[in-house]
Structures are given as structure tokens and as C-alpha cells.
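> File start.pdb follows (PDB, C-alpha atoms):
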ATOM      1  CA  MET N 120      13.140 -10.922   9.935
ATOM      2  CA  GLY N 121      12.448 -14.369  11.351
ATOM      3  CA  PHE N 122      10.173 -15.294  14.246
ATOM      4  CA  ASP N 123      11.514 -15.152  17.793
ATOM      5  CA  SER N 124      12.336 -18.741  18.792
ATOM      6  CA  ALA N 125      11.130 -17.965  22.332
ATOM      7  CA  LYS N 126       7.542 -17.871  20.990
ATOM      8  CA  PHE N 127       7.622 -21.581  20.177
ATOM      9  CA  VAL N 128       6.492 -24.211  22.655
ATOM     10  CA  THR N 129       9.356 -26.558  21.811
ATOM     11  CA  SER N 130      12.888 -25.811  20.648
ATOM     12  CA  VAL N 131      13.285 -25.259  16.909
ATOM     13  CA  ALA N 132      16.071 -27.021  14.995
ATOM     14  CA  ASP N 133      18.777 -24.955  13.328
ATOM     15  CA  ASP N 134      17.674 -26.085   9.844
ATOM     16  CA  LYS N 135      14.481 -24.073  10.415
ATOM     17  CA  LYS N 136      16.378 -20.894  11.289
ATOM     18  CA  CYS N 137      17.550 -18.114   8.990
ATOM     19  CA  VAL N 138      21.285 -18.001   8.255
ATOM     20  CA  LEU N 139      21.201 -14.197   8.545
ATOM     21  CA  CYS N 140      18.911 -13.251  11.453
ATOM     22  CA  ARG N 141      18.958 -16.628  13.262
ATOM     23  CA  GLY N 142      15.222 -16.343  13.832
ATOM     24  CA  VAL N 143      12.782 -19.084  12.848
ATOM     25  CA  LEU N 144      12.311 -18.808   9.086
ATOM     26  CA  ASP N 145       9.611 -16.493   7.756
ATOM     27  CA  ASN N 146       8.768 -17.243   4.094
ATOM     28  CA  PRO N 147      11.936 -19.341   3.592
ATOM     29  CA  VAL N 148      13.930 -19.224   0.372
ATOM     30  CA  ARG N 149      16.935 -21.356  -0.585
ATOM     31  CA  SER N 150      20.036 -20.323  -2.509
ATOM     32  CA  PRO N 151      21.660 -22.608  -5.109
ATOM     33  CA  CYS N 152      24.424 -23.259  -2.572
ATOM     34  CA  GLY N 153      21.878 -24.742  -0.157
ATOM     35  CA  HIS N 154      21.581 -21.977   2.447
ATOM     36  CA  VAL N 155      18.101 -21.032   3.656
ATOM     37  CA  PHE N 156      17.002 -17.496   4.586
ATOM     38  CA  CYS N 157      13.930 -15.454   5.414
ATOM     39  CA  SER N 158      12.932 -13.769   2.160
ATOM     40  CA  SER N 159      12.827 -10.385   3.925
ATOM     41  CA  CYS N 160      16.414 -10.910   5.160
ATOM     42  CA  ILE N 161      18.158 -12.145   2.033
ATOM     43  CA  LEU N 162      16.609  -9.897  -0.634
ATOM     44  CA  PRO N 163      18.060  -6.619   0.741
ATOM     45  CA  TRP N 164      21.373  -8.412   1.269
ATOM     46  CA  VAL N 165      21.457  -9.615  -2.342
ATOM     47  CA  VAL N 166      20.677  -6.120  -3.625
ATOM     48  CA  SER N 167      23.474  -4.628  -1.508
ATOM     49  CA  TYR N 168      26.191  -7.271  -1.843
ATOM     50  CA  GLY N 169      25.315  -9.529  -4.765
ATOM     51  CA  GLN N 170      26.643 -12.652  -3.093
ATOM     52  CA  CYS N 171      25.702 -15.312  -0.556
ATOM     53  CA  PRO N 172      26.259 -14.189   3.067
ATOM     54  CA  LYS N 173      28.564 -17.192   3.405
ATOM     55  CA  LYS N 174      30.624 -15.738   0.512
ATOM     56  CA  CYS N 175      30.507 -19.039  -1.356
ATOM     57  CA  ARG N 176      29.108 -17.651  -4.637
ATOM     58  CA  THR N 177      27.526 -14.686  -6.370
ATOM     59  CA  LEU N 178      23.802 -14.417  -5.831
ATOM     60  CA  THR N 179      20.859 -12.592  -7.406
ATOM     61  CA  ALA N 180      17.182 -12.484  -6.490
ATOM     62  CA  THR N 181      16.319 -14.801  -9.386
ATOM     63  CA  ASP N 182      18.647 -17.464  -7.962
ATOM     64  CA  LEU N 183      16.471 -17.819  -4.835
ATOM     65  CA  GLU N 184      13.860 -20.581  -4.637
ATOM     66  CA  ASN N 185      10.799 -20.614  -2.365
ATOM     67  CA  VAL N 186      10.798 -23.586   0.015
ATOM     68  CA  LEU N 187       7.039 -24.107   0.364
ATOM     69  CA  PRO N 188       7.106 -27.475   2.193
ATOM     70  CA  LEU N 189       9.390 -25.999   4.882
ATOM     71  CA  ARG N 190       7.135 -22.946   5.131
ATOM     72  CA  GLU N 191       4.123 -25.198   5.792
ATOM     73  CA  VAL N 192       6.018 -27.114   8.469
ATOM     74  CA  ILE N 193       6.972 -23.892  10.275
ATOM     75  CA  LEU N 194       3.469 -22.402  10.050
ATOM     76  CA  ASN N 195       2.091 -25.521  11.749
ATOM     77  CA  LEU N 196       4.491 -25.343  14.693
ATOM     78  CA  LYS N 197       2.863 -24.552  18.047
ATOM     79  CA  VAL N 198       3.516 -21.160  19.620
ATOM     80  CA  LYS N 199       2.496 -19.300  22.749
ATOM     81  CA  CYS N 200       0.129 -16.359  22.534
ATOM     82  CA  GLU N 201       1.960 -13.041  22.382
ATOM     83  CA  PHE N 202      -0.042 -11.998  25.458
ATOM     84  CA  ALA N 203       1.182 -14.925  27.550
ATOM     85  CA  GLU N 204       2.862 -12.511  29.954
ATOM     86  CA  THR N 205      -0.511 -10.901  30.736
ATOM     87  CA  GLY N 206      -2.185 -14.234  31.430
ATOM     88  CA  CYS N 207      -3.106 -16.029  28.186
ATOM     89  CA  THR N 208      -2.273 -19.735  28.302
ATOM     90  CA  GLU N 209      -3.439 -20.566  24.759
ATOM     91  CA  VAL N 210      -1.115 -22.601  22.535
ATOM     92  CA  ILE N 211      -1.889 -22.206  18.845
ATOM     93  CA  ARG N 212      -0.348 -22.864  15.448
ATOM     94  CA  LEU N 213       1.897 -20.110  14.134
ATOM     95  CA  THR N 214      -0.420 -19.651  11.156
ATOM     96  CA  ASP N 215      -3.318 -18.845  13.553
ATOM     97  CA  LEU N 216      -1.357 -16.451  15.758
ATOM     98  CA  ILE N 217      -2.510 -13.170  14.196
ATOM     99  CA  ARG N 218      -6.178 -14.216  14.160
ATOM    100  CA  HIS N 219      -5.999 -15.320  17.780
ATOM    101  CA  ALA N 220      -4.233 -12.125  18.884
ATOM    102  CA  LYS N 221      -7.067  -9.974  17.522
ATOM    103  CA  GLN N 222      -9.640 -11.691  19.721
ATOM    104  CA  CYS N 223      -7.480 -12.778  22.664
ATOM    105  CA  ASN N 224      -9.151 -11.992  26.002
ATOM    106  CA  TYR N 225      -5.792 -10.826  27.337
ATOM    107  CA  ARG N 226      -5.059  -8.359  24.536
ATOM    108  CA  PRO N 227      -4.401  -4.902  26.059
ATOM    109  CA  THR N 228      -7.327  -2.721  25.006
ATOM    110  CA  PRO N 229      -7.728   1.040  25.569
ATOM    111  CA  CYS N 230     -10.940   2.370  27.092
ATOM    112  CA  SER N 231     -13.234   3.871  24.455
ATOM    113  CA  ASN N 232     -14.588   6.588  26.754
ATOM    114  CA  SER N 233     -13.254   9.974  25.662
ATOM    115  CA  GLY N 234     -10.607  11.280  28.038
ATOM    116  CA  CYS N 235      -9.863   7.939  29.720
ATOM    117  CA  ALA N 236      -6.297   6.630  29.389
ATOM    118  CA  VAL N 237      -6.899   3.247  31.030
ATOM    119  CA  ILE N 238      -5.751   0.122  29.178
ATOM    120  CA  GLN N 239      -7.058  -3.255  30.339
ATOM    121  CA  PRO N 240      -7.315  -6.827  29.002
ATOM    122  CA  LEU N 241     -10.077  -7.246  26.432
ATOM    123  CA  LYS N 242     -12.124  -9.473  28.753
ATOM    124  CA  GLU N 243     -12.274  -6.706  31.392
ATOM    125  CA  ILE N 244     -12.600  -3.579  29.265
ATOM    126  CA  CYS N 245     -16.389  -3.775  28.840
ATOM    127  CA  HIS N 246     -16.944  -3.883  32.603
ATOM    128  CA  HIS N 247     -14.526  -0.983  33.066
ATOM    129  CA  GLU N 248     -16.194   1.167  30.387
ATOM    130  CA  SER N 249     -19.719   0.636  31.691
ATOM    131  CA  GLU N 250     -19.210   0.236  35.447
ATOM    132  CA  THR N 251     -16.008   1.714  36.833
ATOM    133  CA  CYS N 252     -14.671   4.283  34.350
ATOM    134  CA  SER N 253     -14.941   7.821  35.694
ATOM    135  CA  PHE N 254     -15.317   9.090  32.131
ATOM    136  CA  ARG N 255     -18.320   6.904  31.338
ATOM    137  CA  PRO N 256     -21.584   8.552  30.244
ATOM    138  CA  VAL N 257     -24.311   8.572  32.913
ATOM    139  CA  GLY N 258     -27.256  10.093  31.040
ATOM    140  CA  ALA N 259     -28.464  13.323  29.514
ATOM    141  CA  CYS N 260     -28.695  16.646  31.349
ATOM    142  CA  ASP N 261     -32.283  17.403  32.405
ATOM    143  CA  LYS N 262     -31.617  21.066  33.169
ATOM    144  CA  GLY N 263     -32.052  22.288  29.619
ATOM    145  CA  CYS N 264     -28.944  21.673  27.538
ATOM    146  CA  GLY N 265     -29.652  17.979  26.887
ATOM    147  CA  LEU N 266     -25.955  17.151  26.652
ATOM    148  CA  ILE N 267     -24.587  13.763  27.681
ATOM    149  CA  LEU N 268     -23.185  13.864  31.207
ATOM    150  CA  HIS N 269     -20.061  11.980  32.267
ATOM    151  CA  LEU N 270     -19.327  10.735  35.750
ATOM    152  CA  HIS N 271     -16.207  12.824  36.322
ATOM    153  CA  THR N 272     -18.056  16.092  35.523
ATOM    154  CA  LEU N 273     -21.505  15.153  36.824
ATOM    155  CA  HIS N 274     -21.477  17.443  39.864
ATOM    156  CA  SER N 275     -19.612  20.307  38.216
ATOM    157  CA  HIS N 276     -21.735  20.422  35.048
ATOM    158  CA  ASP N 277     -22.785  23.899  33.961
ATOM    159  CA  CYS N 278     -25.143  24.022  30.979
ATOM    160  CA  TYR N 279     -23.961  27.414  29.750
ATOM    161  CA  GLN N 280     -20.262  26.556  29.972
ATOM    162  CA  ALA N 281     -20.872  23.093  28.494
ATOM    163  CA  LEU N 282     -22.766  24.535  25.518
ATOM    164  CA  LYS N 283     -20.139  27.232  25.096
ATOM    165  CA  SER N 284     -17.414  24.582  25.084
ATOM    166  CA  LEU N 285     -19.403  22.466  22.620
ATOM    167  CA  VAL N 286     -19.833  25.410  20.252
ATOM    168  CA  LYS N 287     -16.138  26.197  20.517
ATOM    169  CA  THR N 288     -15.256  22.590  19.752
ATOM    170  CA  GLN N 289     -17.624  22.470  16.788
ATOM    171  CA  GLU N 290     -16.264  25.752  15.428
ATOM    172  CA  GLN N 291     -12.734  24.359  15.654
ATOM    173  CA  LYS N 292     -13.841  21.242  13.810
ATOM    174  CA  ILE N 293     -15.403  23.411  11.121
ATOM    175  CA  ARG N 294     -12.183  25.431  10.786
ATOM    176  CA  ASP N 295     -10.174  22.229  10.543
ATOM    177  CA  MET N 296     -12.523  20.890   7.889
ATOM    178  CA  GLU N 297     -12.381  24.146   5.950
ATOM    179  CA  GLN N 298      -8.586  24.025   6.108
ATOM    180  CA  ARG N 299      -8.562  20.456   4.812
ATOM    181  CA  VAL N 300     -10.996  21.402   2.046
ATOM    182  CA  THR N 301      -8.774  24.361   1.092
ATOM    183  CA  LEU N 302      -5.726  22.114   0.980
ATOM    184  CA  GLN N 303      -7.576  19.570  -1.134
ATOM    185  CA  ASN N 304      -8.820  22.296  -3.482
ATOM    186  CA  THR N 305      -5.258  23.596  -3.825
ATOM    187  CA  LYS N 306      -4.022  20.090  -4.629
ATOM    188  CA  PHE N 307      -6.844  19.539  -7.129
ATOM    189  CA  SER N 308      -6.187  22.948  -8.691
ATOM    190  CA  LYS N 309      -2.498  22.163  -9.126
ATOM    191  CA  ARG N 310      -3.359  18.763 -10.513
ATOM    192  CA  GLU N 311      -5.894  20.304 -12.882
ATOM    193  CA  LYS N 312      -3.335  22.803 -14.143
ATOM    194  CA  ALA N 313      -0.791  20.036 -14.636
ATOM    195  CA  LEU N 314      -3.326  17.970 -16.581
ATOM    196  CA  LEU N 315      -4.325  20.976 -18.688
ATOM    197  CA  ASN N 316      -0.662  21.630 -19.491
ATOM    198  CA  GLN N 317      -0.287  17.993 -20.494
ATOM    199  CA  ILE N 318      -3.369  18.276 -22.712
ATOM    200  CA  VAL N 319      -1.980  21.433 -24.352
ATOM    201  CA  THR N 320       1.376  19.745 -24.922
ATOM    202  CA  LEU N 321      -0.258  16.621 -26.355
ATOM    203  CA  THR N 322      -2.517  18.722 -28.582
ATOM    204  CA  ARG N 323       0.512  20.654 -29.871
ATOM    205  CA  ASP N 324       2.427  17.428 -30.469
ATOM    206  CA  LEU N 325      -0.531  15.906 -32.284
ATOM    207  CA  SER N 326      -0.851  19.014 -34.444
ATOM    208  CA  THR N 327       2.856  18.857 -35.295
ATOM    209  CA  GLN N 328       2.593  15.163 -36.135
ATOM    210  CA  LYS N 329      -0.474  15.863 -38.259
ATOM    211  CA  ASP N 330       1.417  18.531 -40.236
ATOM    212  CA  GLN N 331       4.347  16.148 -40.674
ATOM    213  CA  PHE N 332       2.041  13.356 -41.866
ATOM    214  CA  ASN N 333       0.268  15.696 -44.280
ATOM    215  CA  LYS N 334       3.634  16.860 -45.651
ATOM    216  CA  THR N 335       4.772  13.246 -45.979
ATOM    217  CA  ILE N 336       1.536  12.321 -47.779
ATOM    218  CA  LYS N 337       1.970  15.274 -50.186
ATOM    219  CA  ASP N 338       5.556  14.278 -50.877
ATOM    220  CA  ILE N 339       4.485  10.693 -51.533
ATOM    221  CA  LYS N 340       1.721  11.880 -53.840
ATOM    222  CA  LYS N 341       4.215  14.037 -55.778
ATOM    223  CA  GLN N 342       6.605  11.128 -56.050
ATOM    224  CA  ASN N 343       3.828   8.809 -57.200
ATOM    225  CA  LEU N 344       2.653  11.392 -59.731
ATOM    226  CA  ALA N 345       6.189  11.804 -61.036
ATOM    227  CA  VAL N 346       6.568   8.036 -61.363
ATOM    228  CA  LEU N 347       3.210   7.772 -63.103
ATOM    229  CA  GLU N 348       4.119  10.541 -65.510
ATOM    230  CA  ALA N 349       7.453   8.875 -66.201
ATOM    231  CA  CYS N 350       5.668   5.594 -66.890
ATOM    232  CA  VAL N 351       3.214   7.311 -69.253
ATOM    233  CA  GLU N 352       6.064   9.034 -71.134
ATOM    234  CA  GLY N 353       7.890   5.748 -71.369
ATOM    235  CA  LYS N 354       4.847   4.071 -72.911
ATOM    236  CA  VAL N 355       4.473   6.880 -75.461
ATOM    237  CA  VAL N 356       8.112   6.697 -76.462
ATOM    238  CA  PHE N 357       7.907   2.937 -76.667
ATOM    239  CA  ARG N 358       4.815   3.154 -78.858
ATOM    240  CA  VAL N 359       6.410   5.692 -81.194
ATOM    241  CA  ASN N 360       9.533   3.615 -81.476
ATOM    242  CA  PHE N 361       7.502   0.481 -82.032
ATOM    243  CA  GLU N 362       5.329   2.091 -84.628
ATOM    244  CA  GLY N 363       8.330   3.685 -86.366
ATOM    245  CA  ARG N 364      10.288   0.486 -86.503
ATOM    246  CA  PRO N 365      10.672  -0.759 -90.057
ATOM    247  CA  GLU N 366       8.808  -3.910 -90.884
TER     248      GLU N 366
END
Is it possible to give me this structure as C-alpha cells?

Amino acid sequence: MGFDSAKFVTSVADDKKCVLCRGVLDNPVRSPCGHVFCSSCILPWVVSYGQCPKKCRTLTATDLENVLPLREVILNLKVKCEFAETGCTEVIRLTDLIRHAKQCNYRPTPCSNSGCAVIQPLKEICHHESETCSFRPVGACDKGCGLILHLHTLHSHDCYQALKSLVKTQEQKIRDMEQRVTLQNTKFSKREKALLNQIVTLTRDLSTQKDQFNKTIKDIKKQNLAVLEACVEGKVVFRVNFEGRPE
């Protein structure tokens, strides 16, 4: 699938757009008949239909040629950040878009405090997590349990109930881990049995082949012995005939 032409700062010419999806070409390839496609668009088409989408000739995957110069041109075109609607005004090359998006200050970022569902731009999330989030940690309990307190439960914290909840949570985690271990052991056991069966089958096959080879070797030895004996008898007969021939 090609790139959305709306991402680009300036309009993109039709010769840089895919014949199939009409998006700006992504990894362009050219057919022998001169049509250019996104590789991800044309390959499934070729597999399904075996001809050019323009129906001008038959087409296979091996007929397609990468258009590297055109790919370089497209990757160097200027595009808007995908977070332009949330405030980013950066204009970057298409080839740098993914890298920029990962560190863009306007990238929507979820709060890392457990239980908080707030999503804010990256540049504001740190302030939210440490200053305004009602789920942020505010220190350890000094009444005996030593658990980390969070703002939204600060005044309702009960050491006994908190410890009870923690134990319950940990027990559930242990049960989940035990279940995963059991599943893994079952998978490994099945795999081990399958491998053992393969080993038994291979051992049996090797034994059968060994018996066949030994039988073949014995047969060859018998044949060689018979030939040798025939040669020896022939020499004896020849010698007798030679010696008995009148001078």
C-alpha cells in the first residue's frame, strides 16, 4: 500500500503513484510493459491473476524490476509529521518519518502510572506523571506496611487491607506463572515424545538399511567369489589344454 499523498508538503506527480492503490509509491517496481506499482500491491495481484492490472500482458513476480532511483527520490520528498493535527509543525524527509515519530514531542503517550488512563503529548507526559496524575506515587507508608502510597488512595489507605490485596495479587501471579509453566511443560513433553518417536523411527530405518547393505555386501562377495572361482577353473582348463596340445 502506497503512502497517503496528503502527508506530502507539495503535490506528488502521477508518475510517482502506484497504478493499483494510487498512493505514493512504496518500494516501487516496474513491469516489462512500463507500469509502476508498490511491491506490496502488485505481488498479491500477480499471484492471484497472473497478468498486469492493465490487462496488457501476462505477468509473474520474476518479471518485476525494482526501481531504486525512483525509490530514493520518493524517500527524499518532504512530508508532514503524522502528529501534525496535535500540534507538530516539523517537516522532514519521508525516510526520516519513522525515526522522528518515535521521539516527536507531540506523539500521544499513555501515562505510566498504574491505573491511569490519561494520554498526553510526549512533551507533557512527564509533568503529568510526576505533578498532576492522581495515580502517582507519593511515598511509602510509615504506619508499618511500608507499601508505596498513591495520591488517589492516600487518605483511604489501610495497611491490613493493602497487604491482603498485595498477597492476593501475588498469589494470582504465582498461579498464572504455574499455569504457564504447566503449559510449557506439556508442550515440551509433547515435543520430547515426538522427537523420541522420530529417533525410534530413524533408528529402525538405519537398522533396516544396515541389514540391506550387509545383505548386498554378502551377495557381492558371493558373486565375486563365483567369478574368481570361474577364473581359476578357466586357467586350469587352459593350462591342461595348453600342456596337452601336441607339439
> What does the distance from atom CA of Lys199 of chain N to atom CA of Pro147 of chain N come to in Å, to one decimal?
21.4 Å
> Just checking: using all atoms listed in the file, which residue out of N:Thr305, N:Gln317, N:Gln289, N:Asn195 ends up closest to Phe127 of chain N?
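Of N:Thr305, N:Gln317, N:Gln289, N:Asn195, the one nearest Phe127 of chain N is N:Asn195, counting all atoms listed in the file.
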> Find the spatial neighbours of segment 208-213 of chain N, counting only C-alpha atoms, within a cut-off of 8 Å - ignore same-chain residues fewer than 4 positions away - and output them as a ChimeraX atom specification.
/N:128,193-200,203
> Can you give me, as an mmCIF file with C-alpha atoms, in the frame of the given file, the residues this file yields under the PyMOL selection byres ((chain N and resi 239) around 12)?

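Ended up saving to expr.cif:
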data_model
loop_
_atom_site.group_PDB
_atom_site.id
_atom_site.type_symbol
_atom_site.label_atom_id
_atom_site.label_comp_id
_atom_site.auth_asym_id
_atom_site.auth_seq_id
_atom_site.Cartn_x
_atom_site.Cartn_y
_atom_site.Cartn_z
ATOM 1 C CA THR N 205 -0.511 -10.901 30.736
ATOM 2 C CA ASN N 224 -9.151 -11.992 26.002
ATOM 3 C CA TYR N 225 -5.792 -10.826 27.337
ATOM 4 C CA ARG N 226 -5.059 -8.359 24.536
ATOM 5 C CA PRO N 227 -4.401 -4.902 26.059
ATOM 6 C CA THR N 228 -7.327 -2.721 25.006
ATOM 7 C CA PRO N 229 -7.728 1.040 25.569
ATOM 8 C CA CYS N 230 -10.940 2.370 27.092
ATOM 9 C CA SER N 231 -13.234 3.871 24.455
ATOM 10 C CA CYS N 235 -9.863 7.939 29.720
ATOM 11 C CA ALA N 236 -6.297 6.630 29.389
ATOM 12 C CA VAL N 237 -6.899 3.247 31.030
ATOM 13 C CA ILE N 238 -5.751 0.122 29.178
ATOM 14 C CA PRO N 240 -7.315 -6.827 29.002
ATOM 15 C CA LEU N 241 -10.077 -7.246 26.432
ATOM 16 C CA LYS N 242 -12.124 -9.473 28.753
ATOM 17 C CA GLU N 243 -12.274 -6.706 31.392
ATOM 18 C CA ILE N 244 -12.600 -3.579 29.265
ATOM 19 C CA CYS N 245 -16.389 -3.775 28.840
ATOM 20 C CA HIS N 246 -16.944 -3.883 32.603
ATOM 21 C CA HIS N 247 -14.526 -0.983 33.066
ATOM 22 C CA GLU N 248 -16.194 1.167 30.387
ATOM 23 C CA CYS N 252 -14.671 4.283 34.350
#
> Tell me which protein, DNA and RNA residues are within 12 Å of Gly265 of chain N, counting only C-alpha atoms, leaving out same-chain ones fewer than 5 positions away, and put them as a PyMOL selection string.
chain N and resi 258-260+276-279+281-282+285
> Name the residues that the PyMOL selection byres ((chain N and resi 161) around 12) pulls out of this structure, and write them as a VMD selection string.
chain N and resid 120 to 121 137 to 140 144 to 150 154 to 160 162 to 173 178 to 184
> Can you work out the spacing between atom CA of Asn185 of chain N and atom CA of Lys221 of chain N in Å, to one decimal?
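Rounded to one decimal, the two atoms are 28.8 Å apart.
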> Env of Ser124 of chain N: 9 Å cut, atoms = all atoms listed in the file, seq-sep filter 3 positions within chain, self excluded. Answer as a ChimeraX atom specification.
/N:121,127-131,136,141-143
